[in-house]
Amino acid sequence: MSGVTPADLAGHAFLRGMADGHLAVLARVCWVAPVRQGHLFFAEGDTARRFWLIRSGHVALDVHAPGGHQLIVETLGQGDLLGLSWLVPPRQWQFNATAVEDTMTFEFNADAVLAACESDAGLGYQLVRRVMSAALSRLQATRIRMLDLYAASSTARGGP
Amino acid sequence: MSQVAAPVRPARYQVVERQEETHDTVTLCLRPVDQPIPAYQPGQFTMLYAPGIGEVPISISGTGPDLGLVHTVRAVGAVTRALCACTPGRVIGVRGPYGTGWDVSSAAGDDLLIVAGGIGLAPLRGAVLAALGQRMRYRRVMVLAGARSPEELVFGRELDGWRRGGAEVVVTVDQAAVGWTGHVGVVTQLIGRADIDATRTTALICGPEVMMRLTARELSALGIPAARIRVSLERNMRCGVAECGHCQLGPLLLCRDGPVVSYEAAMPLLAIREL
Amino acid sequence: MGAVDNAVEPGSVRLMEAAALDRLFASLHEAGYLVIGPTARDGAIVLDELTAAGDLPFGWGVQLEPGGYRLRRRDDTAAFGHSAGPGSWKQFLHPAREKLWSARLADGGFEIEQAGDDPGRDAGPPRLAFFGVRPCDLRAIQIQDQVLGSGRGNSRYAARRAAVLVVAVNCTEPGETCFCASMGTGPAAGPGYDLALTELVSGERHAFLIDVGTEAGASVLAGVPHTDAGAATIDRARSAVAEASQHMGRSMPAAGLRELMAGSHDADRWDDVASRCLTCGNCTLACPTCFCTSVEDVTDLSGDHAERWQHWASCFDLDFSYLHGGPVRASATSRYRQWLTHKLGTWHDQFGSSGCVGCGRCIVWCPVGIDITEEVAALQAEAEGTQAQDAEKQGGAP
């Protein structure tokens with residue numbers, strides 16, 4: 001089903017340092033998935049049953065607001081994990097994800113990955129740690145964006 | 001690195017060109033009417049005088065023809081609003097140049113990493129142009145610029161020119177509508193993807209103080225020595241010549257010992273609240 | 001009276017009777033100086049223009065304490081038996097308000113009409129003879145020279161300073177709040193005076209030992225009756241001054257103030273002093289080295305005419321550190337900390353010396369009586385206590 005080897009996965013930043021045995025398990029439940037610019041990975045509200053590791057390219061997470069506004073929440077690229085909602089209930093995508101340009105990924109069967117984690121707690125721990133790290137880094141960045149540091153009242157390189 | 005400064009009275013400079021960068025930011029090209037001020041180093045600032053209203057410290061963002069100056073001003077108060085409203089032909093006052101510069105040439109032979117947040121790109125523009133003006137002296141020249149939104153990116157029209165001049169320019173915004181093909185996220189998130197060689201990179205950072213602290217910390221964690229990371233600090237300034245006492249930050253007088261300060265010197269000072 | 005001697009040189013020591021002070025004043029006036037010195041007025045010893053020696057505060061002393069100043073009658077006729085008056089010499093060299101320039105606004109621009117640094121604008125600043133500069137105040141002038149006298153921007157200071165003649169007065173009787181000895185600034189005047197007087201009063205005798213510092217000082221003595229001082233008299237004067245250093249009411253630690261200030265940013269003591277401090281800024285007004293200023297741009301009603309004025313500012317003002325919509329130093333804690341750590345600590349980094357001369361004015365003129373020597377002692381105790389705790393933690397880990 002896959003054609004992906006543990007060695008292929010070992011080279012991806014997200015899985016750096018993972019033991020060969022665990023990589024072998026993951027390799028069995030993923031496949032190489034190149035997509036074209038404009039490809040919709042998932043839409044808001046869909047059940048989250050897959051996730052991706054981006055090998056190259058550029059993906060935008062966006063949300064649709066009334067009035068015809070489609071706002072980009074965050075962009076991801078090489079080395080990033082695409083998809084967090086598959087790991088915990090309600091396992092539902094909160095945003096849309098679209099390829100901004102042609103993008104190369106490893107695509108994973110999230111159900112299979114979760115099953116493997118249930119039977120191998122060591123694998124589960126390693127995976128969850130890495131997901132937590134990605135989530136933490138995005139949370140910190142998002143908190144900074146919320147400060148709106150570049151807004152006029154909080155910055156004035158132009159002086160008083 | 002401080003220059004000999006002009007005396008107490010402002011020199012007269014005429015606005016020859018006015019470019020709106022964003023809804024509240026304007027770039028003015030100025031040309032001297034009388035004696036020009038001494039030559040400047042990227043990173044230095046002048047005190048700009050809006051006649052009859054007042055003075056503010058503004059970083060120099062470049063030079064113009066005929067010994068001219070380029071200043072990018074954001075309208076946040078009475079003086080800056082008046083400056084932003086100046087049309088070609090108006091004469092304003094300039095005192096300076098004051099302070100320390102980025103010392104771009106100290107990175108010769110190595111990689112130059114320039115990280116800008118918001119209008120912090122204005123004080124760094126001179127550094128970018130200086131590096132591109134002698135491109136062969138540097139290995140990589142990287143510019144990572146963060147802005148609130150694509151509409152609030154300053155010098156947006158110049159970035160392709162910088163790329164052609166040999167700079168790797170990556171832009172990220174806090175918010176954008178679909179259609180924007182650049183990054184959305186904070187500028188520190190670009191650092192991991194820039195493939196930086198910490199053993200031979202000099203970093204120049206300018207933007208809101210919180211952004212500079214976080215960026216410097218991130219670059220430090222990568223392994224860039226604190227002495228090779230420089231930030232541009234800001235405090236209330238009045239005289240520009242180290243005589244009025246306003247711009248103190250601990251032992252530093254920022255008009256004389258700054259605004260460009262190494263992160264090594266700045267880090268302990270930025271950690272103290274209400275210093 | 002004594003022979004009138006014209007051949008006085010820098011380095012020589014002369015003796016002058018108090019009765020000859022009028023002649024000394026006349027000599028100063030003839031040389032073109034306005035004489036500025038202490039005089040008793042409005043319940044204090046203030047610095048003002050003196051027309052004659054009689055304006056000096058003969059027989060007046062002061063009673064000093066934290067937050068307290070009273071004139072008192074001395075039981076002798078000493079002219080310089082007082083200290084820590086509310087004003088210092090900075091009001092003459094670095095005026096509280098000063099116009100920097102004026103301009104005509106027209107044709108979409110401006111034209112400076114008159115600037116302070118225009119050469120030959122007028123005859124120059126008036127020649128002033130500072131009469132009665134205490135050693136601490138002489139050091140304070142030199143400290144301000146370092147900050148303002150380089151000519152980088154405030155060229156008017158340098159011009160005013162060059163037109164000043166300094167007649168210092170050594171101290172033989174420190175005030176209750178003085179601590180010049182531990183700051184290394186007194187009670188004897190250091191170099192930098194044109195003339196230095198030591199007042200000798202006992203019973204009917206009232207005279208001044210005069211140390212001649214410069215040619216300018218020497219030339220002022222021409223025409224003033226003075227005699228050879230004599231070894232015994234010189235010895236008596238020197239001893240009186242040396243004795244004074246044993247009678248200081250207060251002291252600062254001899255060394256390590258810069259390091260103490262640099263290490264004390266998180267000290268609890270700052271909140272303690274801030275709970276008492278009114279942030280009124282009296283200390284910065286009274287302090288002879290405080291130099292901070294602000295500028296103000298003003299126009300007239302027609303909008304055709306603009307002026308820029310410079311005036312004294314205080315780091316205790318909330319708007320002093322205004323940046324991006326608010327003050328960087330909003331709390332009283334941060335402002336008091338700024339003032340003291342600058343004066344005793346970062347002044348070294350910025351200007352190469354301490355900013356404090358031990359004159360004690362900040363103690364006297366603080367309305368709530370904050371005493372910086374007491375604050376420093378408390379900070380030092382806190383620092384030592386913290387060090388001891390840290391050492392214990394490291395040593396005591398199981």
# chains A, B, ... in the order shown; residues from 1 in each chain; ligands from 1
>>> closest_atom_pairs(of="stretch 20-112 of chain B", to="stretch 206-219 of chain B", cutoff="12 Å", atoms="only C-alpha atoms", output="tab-separated table")
residue	atom	partner	partner_atom	distance
B:Gly43	CA	B:Cys206	CA	9.7
B:Ser59	CA	B:Cys206	CA	11.0
B:Trp102	CA	B:Cys206	CA	10.5
>>> residues_around(residues="A:Ala27", least_positions_apart="3", cutoff="10 Å", atoms="only C-alpha atoms", output="mmCIF file with C-alpha atoms, in the first residue's frame")
data_model
loop_
_atom_site.group_PDB
_atom_site.id
_atom_site.type_symbol
_atom_site.label_atom_id
_atom_site.label_comp_id
_atom_site.auth_asym_id
_atom_site.auth_seq_id
_atom_site.Cartn_x
_atom_site.Cartn_y
_atom_site.Cartn_z
ATOM 1 C CA MET A 1 0.000 0.000 0.000
ATOM 2 C CA SER A 2 2.758 2.417 0.777
ATOM 3 C CA GLY A 3 6.092 2.204 -0.959
ATOM 4 C CA VAL A 4 7.397 4.402 1.857
ATOM 5 C CA THR A 5 10.393 3.155 3.790
ATOM 6 C CA PRO A 6 11.383 3.977 7.345
ATOM 7 C CA ALA A 7 14.443 5.693 5.889
ATOM 8 C CA ASP A 8 12.185 8.000 3.856
ATOM 9 C CA LEU A 9 10.341 9.012 7.004
ATOM 10 C CA ALA A 10 13.501 9.406 9.073
ATOM 11 C CA GLY A 21 10.920 0.211 14.850
ATOM 12 C CA HIS A 22 8.377 2.991 15.265
ATOM 13 C CA LEU A 23 9.195 4.422 11.850
ATOM 14 C CA ALA A 24 8.544 1.007 10.370
ATOM 15 C CA CYS A 30 1.329 6.102 4.927
ATOM 16 C CA TRP A 31 2.025 6.839 1.293
ATOM 17 C CA PHE A 106 3.463 11.886 3.128
ATOM 18 C CA PHE A 108 -1.119 9.042 6.841
#
>>> residues_around(residues="stretch 361-369 of chain C", least_positions_apart="6", cutoff="9 Å", atoms="only C-alpha atoms", output="list in words")
Leu64, Glu65, Pro66, Gly67, Gly68, Tyr69, Ser83, Ala84, Gly85, Pro86, Gly87, Thr177, Cys178, Arg276, Cys277, Leu278, Cys280, Gly281, Asn282, Cys283, Thr284, Leu285, Ala286, Cys287 and Pro288 of chain C
>>> write_last_selection(atoms="N, CA and C atoms", output="compact mmCIF listing (two decimals), in the first residue's frame")
# COMPACT_ATOMS: atom_id res chain seq x y z
N LEU C 64 19.99 71.58 59.92
CA LEU C 64 19.54 70.70 58.84
C LEU C 64 19.14 69.33 59.36
N GLU C 65 18.14 68.76 58.73
CA GLU C 65 17.75 67.38 59.02
C GLU C 65 16.97 66.88 57.81
N PRO C 66 16.73 65.60 57.72
CA PRO C 66 15.93 65.12 56.59
C PRO C 66 14.58 65.82 56.55
N GLY C 67 14.31 66.50 55.47
CA GLY C 67 13.05 67.22 55.33
C GLY C 67 12.96 68.46 56.17
N GLY C 68 14.10 68.97 56.66
CA GLY C 68 14.05 70.16 57.51
C GLY C 68 15.20 71.10 57.29
N TYR C 69 14.90 72.40 57.25
CA TYR C 69 15.92 73.43 57.06
C TYR C 69 15.47 74.66 57.82
N SER C 83 25.25 75.49 54.99
CA SER C 83 25.38 74.59 53.84
C SER C 83 24.00 74.18 53.32
N ALA C 84 24.02 73.52 52.19
CA ALA C 84 22.82 72.87 51.62
C ALA C 84 21.65 73.80 51.42
N GLY C 85 21.92 75.02 50.94
CA GLY C 85 20.82 75.90 50.59
C GLY C 85 20.02 75.31 49.44
N PRO C 86 18.82 75.83 49.21
CA PRO C 86 17.94 75.22 48.20
C PRO C 86 18.48 75.34 46.77
N GLY C 87 19.27 76.37 46.51
CA GLY C 87 19.75 76.55 45.14
C GLY C 87 21.18 76.10 45.01
N THR C 177 23.67 67.12 57.44
CA THR C 177 23.31 66.19 56.36
C THR C 177 24.42 66.02 55.33
N CYS C 178 25.59 66.59 55.60
CA CYS C 178 26.67 66.51 54.62
C CYS C 178 27.36 65.16 54.64
N ARG C 276 7.03 55.93 50.46
CA ARG C 276 7.19 57.22 51.12
C ARG C 276 7.36 58.36 50.12
N CYS C 277 7.98 58.05 48.99
CA CYS C 277 8.31 59.08 48.02
C CYS C 277 7.06 59.64 47.34
N LEU C 278 7.01 60.97 47.25
CA LEU C 278 5.86 61.62 46.62
C LEU C 278 6.07 61.83 45.13
N CYS C 280 7.76 64.06 43.90
CA CYS C 280 7.58 65.49 43.67
C CYS C 280 8.72 66.07 42.87
N GLY C 281 9.89 65.40 42.91
CA GLY C 281 11.02 65.88 42.13
C GLY C 281 11.84 66.96 42.81
N ASN C 282 11.54 67.27 44.08
CA ASN C 282 12.34 68.30 44.77
C ASN C 282 13.82 67.95 44.75
N CYS C 283 14.11 66.67 44.93
CA CYS C 283 15.51 66.25 44.96
C CYS C 283 16.22 66.60 43.66
N THR C 284 15.52 66.40 42.53
CA THR C 284 16.16 66.71 41.25
C THR C 284 16.32 68.21 41.05
N LEU C 285 15.46 69.01 41.66
CA LEU C 285 15.61 70.46 41.57
C LEU C 285 16.77 70.93 42.42
N ALA C 286 16.87 70.36 43.63
CA ALA C 286 17.90 70.82 44.56
C ALA C 286 19.28 70.25 44.23
N CYS C 287 19.31 69.09 43.61
CA CYS C 287 20.59 68.43 43.35
C CYS C 287 21.44 69.26 42.39
N PRO C 288 22.71 69.49 42.73
CA PRO C 288 23.53 70.36 41.88
C PRO C 288 24.02 69.69 40.61
>>> closest_residue(among="C:Arg258, C:His82, C:His342, C:His324", to="chain A", atoms="only C-alpha atoms")
C:His324
>>> interface_residues(of="chain B", to="chain A", cutoff="6 Å", atoms="only C-alpha atoms", output="ChimeraX atom specification")
/B:56,58,73-74,77,118,148,174,176-178,183-186,208
>>> write_last_selection(atoms="N, CA and C atoms", output="JSON list (two decimals), in the first residue's frame")
[["chain", "number", "residue", "atom", "x", "y", "z"],
["B", 56, "VAL", "N", 10.50, 64.83, 16.42],
["B", 56, "VAL", "CA", 10.49, 63.42, 16.80],
["B", 56, "VAL", "C", 11.73, 62.73, 16.26],
["B", 58, "ILE", "N", 13.39, 59.95, 14.16],
["B", 58, "ILE", "CA", 12.99, 59.02, 13.10],
["B", 58, "ILE", "C", 14.24, 58.41, 12.51],
["B", 73, "VAL", "N", 7.84, 57.54, 7.93],
["B", 73, "VAL", "CA", 7.20, 58.02, 9.14],
["B", 73, "VAL", "C", 5.81, 57.42, 9.30],
["B", 74, "ARG", "N", 5.51, 56.98, 10.53],
["B", 74, "ARG", "CA", 4.16, 56.47, 10.81],
["B", 74, "ARG", "C", 3.41, 57.50, 11.63],
["B", 77, "GLY", "N", 0.97, 60.53, 16.23],
["B", 77, "GLY", "CA", 0.80, 61.66, 17.13],
["B", 77, "GLY", "C", 0.81, 62.95, 16.32],
["B", 118, "GLY", "N", 7.02, 44.84, 11.23],
["B", 118, "GLY", "CA", 6.25, 46.06, 11.00],
["B", 118, "GLY", "C", 7.11, 47.15, 10.40],
["B", 148, "ARG", "N", 1.58, 43.33, 9.63],
["B", 148, "ARG", "CA", 0.25, 43.01, 10.15],
["B", 148, "ARG", "C", -0.60, 42.35, 9.06],
["B", 174, "ASP", "N", 0.43, 38.75, 9.75],
["B", 174, "ASP", "CA", -0.39, 38.20, 10.84],
["B", 174, "ASP", "C", -1.75, 37.77, 10.33],
["B", 176, "ALA", "N", -4.31, 37.63, 6.58],
["B", 176, "ALA", "CA", -4.44, 37.87, 5.14],
["B", 176, "ALA", "C", -5.68, 37.17, 4.64],
["B", 177, "ALA", "N", -6.17, 37.67, 3.52],
["B", 177, "ALA", "CA", -7.29, 36.99, 2.88],
["B", 177, "ALA", "C", -6.74, 35.98, 1.90],
["B", 178, "VAL", "N", -7.52, 34.97, 1.61],
["B", 178, "VAL", "CA", -7.12, 33.99, 0.61],
["B", 178, "VAL", "C", -6.84, 34.74, -0.68],
["B", 183, "HIS", "N", 3.45, 33.86, 3.34],
["B", 183, "HIS", "CA", 3.24, 33.17, 4.60],
["B", 183, "HIS", "C", 2.28, 33.94, 5.49],
["B", 184, "VAL", "N", 1.59, 33.18, 6.37],
["B", 184, "VAL", "CA", 0.79, 33.79, 7.42],
["B", 184, "VAL", "C", 1.28, 33.22, 8.73],
["B", 185, "GLY", "N", 1.78, 34.06, 9.60],
["B", 185, "GLY", "CA", 2.35, 33.61, 10.87],
["B", 185, "GLY", "C", 3.36, 34.64, 11.33],
["B", 186, "VAL", "N", 3.92, 34.41, 12.51],
["B", 186, "VAL", "CA", 4.87, 35.41, 13.00],
["B", 186, "VAL", "C", 6.24, 35.18, 12.38],
["B", 208, "PRO", "N", 8.88, 46.01, 17.08],
["B", 208, "PRO", "CA", 8.43, 46.23, 18.46],
["B", 208, "PRO", "C", 9.31, 45.46, 19.43]]
>>> closest_atom_pairs(of="chain C", to="chain B", cutoff="8 Å", atoms="only C-alpha atoms", output="Markdown table")
| residue | atom | partner | partner_atom | distance |
| --- | --- | --- | --- | --- |
| C:Leu100 | CA | B:Val8 | CA | 7.4 |
| C:Trp101 | CA | B:Arg9 | CA | 7.1 |
| C:Leu105 | CA | B:Pro51 | CA | 7.1 |
| C:Gly108 | CA | B:Arg90 | CA | 4.9 |
| C:Gly109 | CA | B:Val91 | CA | 4.3 |
| C:Phe110 | CA | B:Pro51 | CA | 6.4 |
| C:Ile112 | CA | B:Arg9 | CA | 7.8 |
| C:Ala115 | CA | B:Arg9 | CA | 6.9 |
| C:Asp117 | CA | B:Val8 | CA | 7.5 |
| C:Val147 | CA | B:Glu243 | CA | 6.5 |
| C:Leu148 | CA | B:Glu243 | CA | 6.2 |
| C:Arg152 | CA | B:Val241 | CA | 6.7 |
| C:Gly153 | CA | B:Pro7 | CA | 5.2 |
| C:Asn154 | CA | B:Val8 | CA | 7.0 |
| C:His265 | CA | B:Ile272 | CA | 7.4 |
| C:Phe291 | CA | B:Cys244 | CA | 7.0 |
| C:Cys292 | CA | B:Cys244 | CA | 4.6 |
| C:Thr293 | CA | B:Cys244 | CA | 4.7 |
| C:Ser294 | CA | B:Cys244 | CA | 6.5 |
| C:Val295 | CA | B:Arg238 | CA | 6.8 |
| C:Glu296 | CA | B:Gly54 | CA | 7.5 |
| C:Asp297 | CA | B:Gly54 | CA | 5.5 |
| C:Val298 | CA | B:Gly52 | CA | 6.5 |
| C:Thr299 | CA | B:Gly52 | CA | 5.8 |
| C:Gly303 | CA | B:Gly52 | CA | 7.5 |
| C:His305 | CA | B:Gly52 | CA | 7.8 |
| C:Ala306 | CA | B:Gly52 | CA | 5.5 |
| C:Glu307 | CA | B:Gly52 | CA | 7.8 |
| C:Cys315 | CA | B:His246 | CA | 7.7 |
| C:Phe320 | CA | B:His246 | CA | 6.4 |
| C:Ser321 | CA | B:Asn236 | CA | 5.6 |
| C:Tyr322 | CA | B:Asn236 | CA | 5.9 |
| C:Leu323 | CA | B:Asn236 | CA | 5.7 |
| C:Val328 | CA | B:Glu274 | CA | 5.5 |
| C:Arg329 | CA | B:Glu274 | CA | 4.9 |
| C:Ala330 | CA | B:Glu274 | CA | 7.3 |
| C:Ser334 | CA | B:Glu274 | CA | 6.0 |
| C:Gln338 | CA | B:Leu275 | CA | 7.3 |
| C:His342 | CA | B:Gly250 | CA | 7.6 |
| C:Thr346 | CA | B:Pro251 | CA | 4.7 |
| C:Trp347 | CA | B:Pro251 | CA | 7.2 |
| C:Asp349 | CA | B:Pro251 | CA | 5.5 |
| C:Gln350 | CA | B:Pro251 | CA | 6.1 |
>>> write_last_selection(atoms="C-alpha atoms", output="compact mmCIF listing (two decimals), in the first residue's frame")
# COMPACT_ATOMS: atom_id res chain seq x y z
CA LEU C 100 17.14 77.78 22.03
CA TRP C 101 16.00 79.57 18.91
CA LEU C 105 7.18 80.28 9.70
CA GLY C 108 5.70 76.22 3.52
CA GLY C 109 8.82 76.19 5.67
CA PHE C 110 10.71 78.03 8.34
CA ILE C 112 15.66 80.50 12.01
CA ALA C 115 19.83 80.85 17.59
CA ASP C 117 24.83 79.31 19.14
CA VAL C 147 27.78 66.20 30.76
CA LEU C 148 27.01 69.57 29.16
CA ARG C 152 28.24 68.87 21.18
CA GLY C 153 24.86 70.49 21.39
CA ASN C 154 24.60 72.84 24.29
CA HIS C 265 17.10 46.16 40.40
CA PHE C 291 20.79 68.12 34.43
CA CYS C 292 17.80 66.65 32.62
CA THR C 293 15.82 68.96 30.36
CA SER C 294 12.90 68.92 27.98
CA VAL C 295 12.15 71.07 25.00
CA GLU C 296 8.95 72.79 24.10
CA ASP C 297 8.01 74.11 20.67
CA VAL C 298 5.63 77.04 20.82
CA THR C 299 4.03 79.32 18.27
CA GLY C 303 1.19 80.92 13.62
CA HIS C 305 6.46 82.78 14.67
CA ALA C 306 7.85 79.72 16.44
CA GLU C 307 10.22 79.33 19.34
CA CYS C 315 12.90 61.82 35.80
CA PHE C 320 9.64 61.87 31.21
CA SER C 321 9.79 58.33 29.87
CA TYR C 322 6.70 58.48 27.64
CA LEU C 323 6.86 55.97 24.79
CA VAL C 328 8.02 53.28 30.51
CA ARG C 329 8.46 54.06 34.21
CA ALA C 330 4.95 54.29 35.50
CA SER C 334 10.69 52.48 39.00
CA GLN C 338 15.92 55.28 38.13
CA HIS C 342 21.53 56.74 37.83
CA THR C 346 25.00 54.31 35.80
CA TRP C 347 26.32 57.88 35.89
CA ASP C 349 28.95 54.29 32.80
CA GLN C 350 27.58 57.35 31.06
>>> residues_around(residues="A:Asp102", least_positions_apart="4", cutoff="10 Å", atoms="only C-alpha atoms", output="MDAnalysis selection string")
chainID A and resid 34:39 56:59
>>> write_last_selection(atoms="N, CA and C atoms", output="compact mmCIF listing (two decimals), in the first residue's frame")
# COMPACT_ATOMS: atom_id res chain seq x y z
N PRO A 34 1.73 13.52 -3.69
CA PRO A 34 1.94 14.85 -4.28
C PRO A 34 0.59 15.47 -4.64
N VAL A 35 0.44 16.77 -4.47
CA VAL A 35 -0.83 17.42 -4.83
C VAL A 35 -0.53 18.66 -5.65
N ARG A 36 -1.53 19.05 -6.41
CA ARG A 36 -1.39 20.22 -7.28
C ARG A 36 -1.80 21.48 -6.53
N GLN A 37 -1.34 22.62 -7.01
CA GLN A 37 -1.77 23.90 -6.46
C GLN A 37 -3.29 23.97 -6.50
N GLY A 38 -3.87 24.38 -5.38
CA GLY A 38 -5.33 24.50 -5.33
C GLY A 38 -6.01 23.28 -4.71
N HIS A 39 -5.25 22.20 -4.50
CA HIS A 39 -5.84 20.99 -3.94
C HIS A 39 -6.38 21.26 -2.54
N SER A 56 7.60 19.38 0.84
CA SER A 56 7.95 20.63 0.16
C SER A 56 6.65 21.28 -0.25
N GLY A 57 6.69 22.60 -0.46
CA GLY A 57 5.47 23.27 -0.90
C GLY A 57 4.93 24.20 0.16
N HIS A 58 3.64 24.54 0.03
CA HIS A 58 3.09 25.64 0.81
C HIS A 58 1.59 25.41 0.95
N VAL A 59 1.12 25.31 2.19
CA VAL A 59 -0.30 25.01 2.44
C VAL A 59 -0.90 26.12 3.30
>>> residues_around(residues="A:Leu15", least_positions_apart="2", cutoff="10 Å", atoms="only C-alpha atoms", output="PyMOL selection string")
chain A and resi 9-13+17-19+22-23+53+79+81+126-127+130-131
>>> select_by_dssp(residues="stretch 34-191 of chain B", states="helix (DSSP H, G or I)", output="ChimeraX atom specification")
/B:78-84,104-107,118-133,135-137,150-152,156-164,188-191
>>> closest_residue(among="A:Ala33, A:Val25, A:Ala43, A:Leu139", to="A:Thr105", atoms="only C-alpha atoms")
A:Ala33
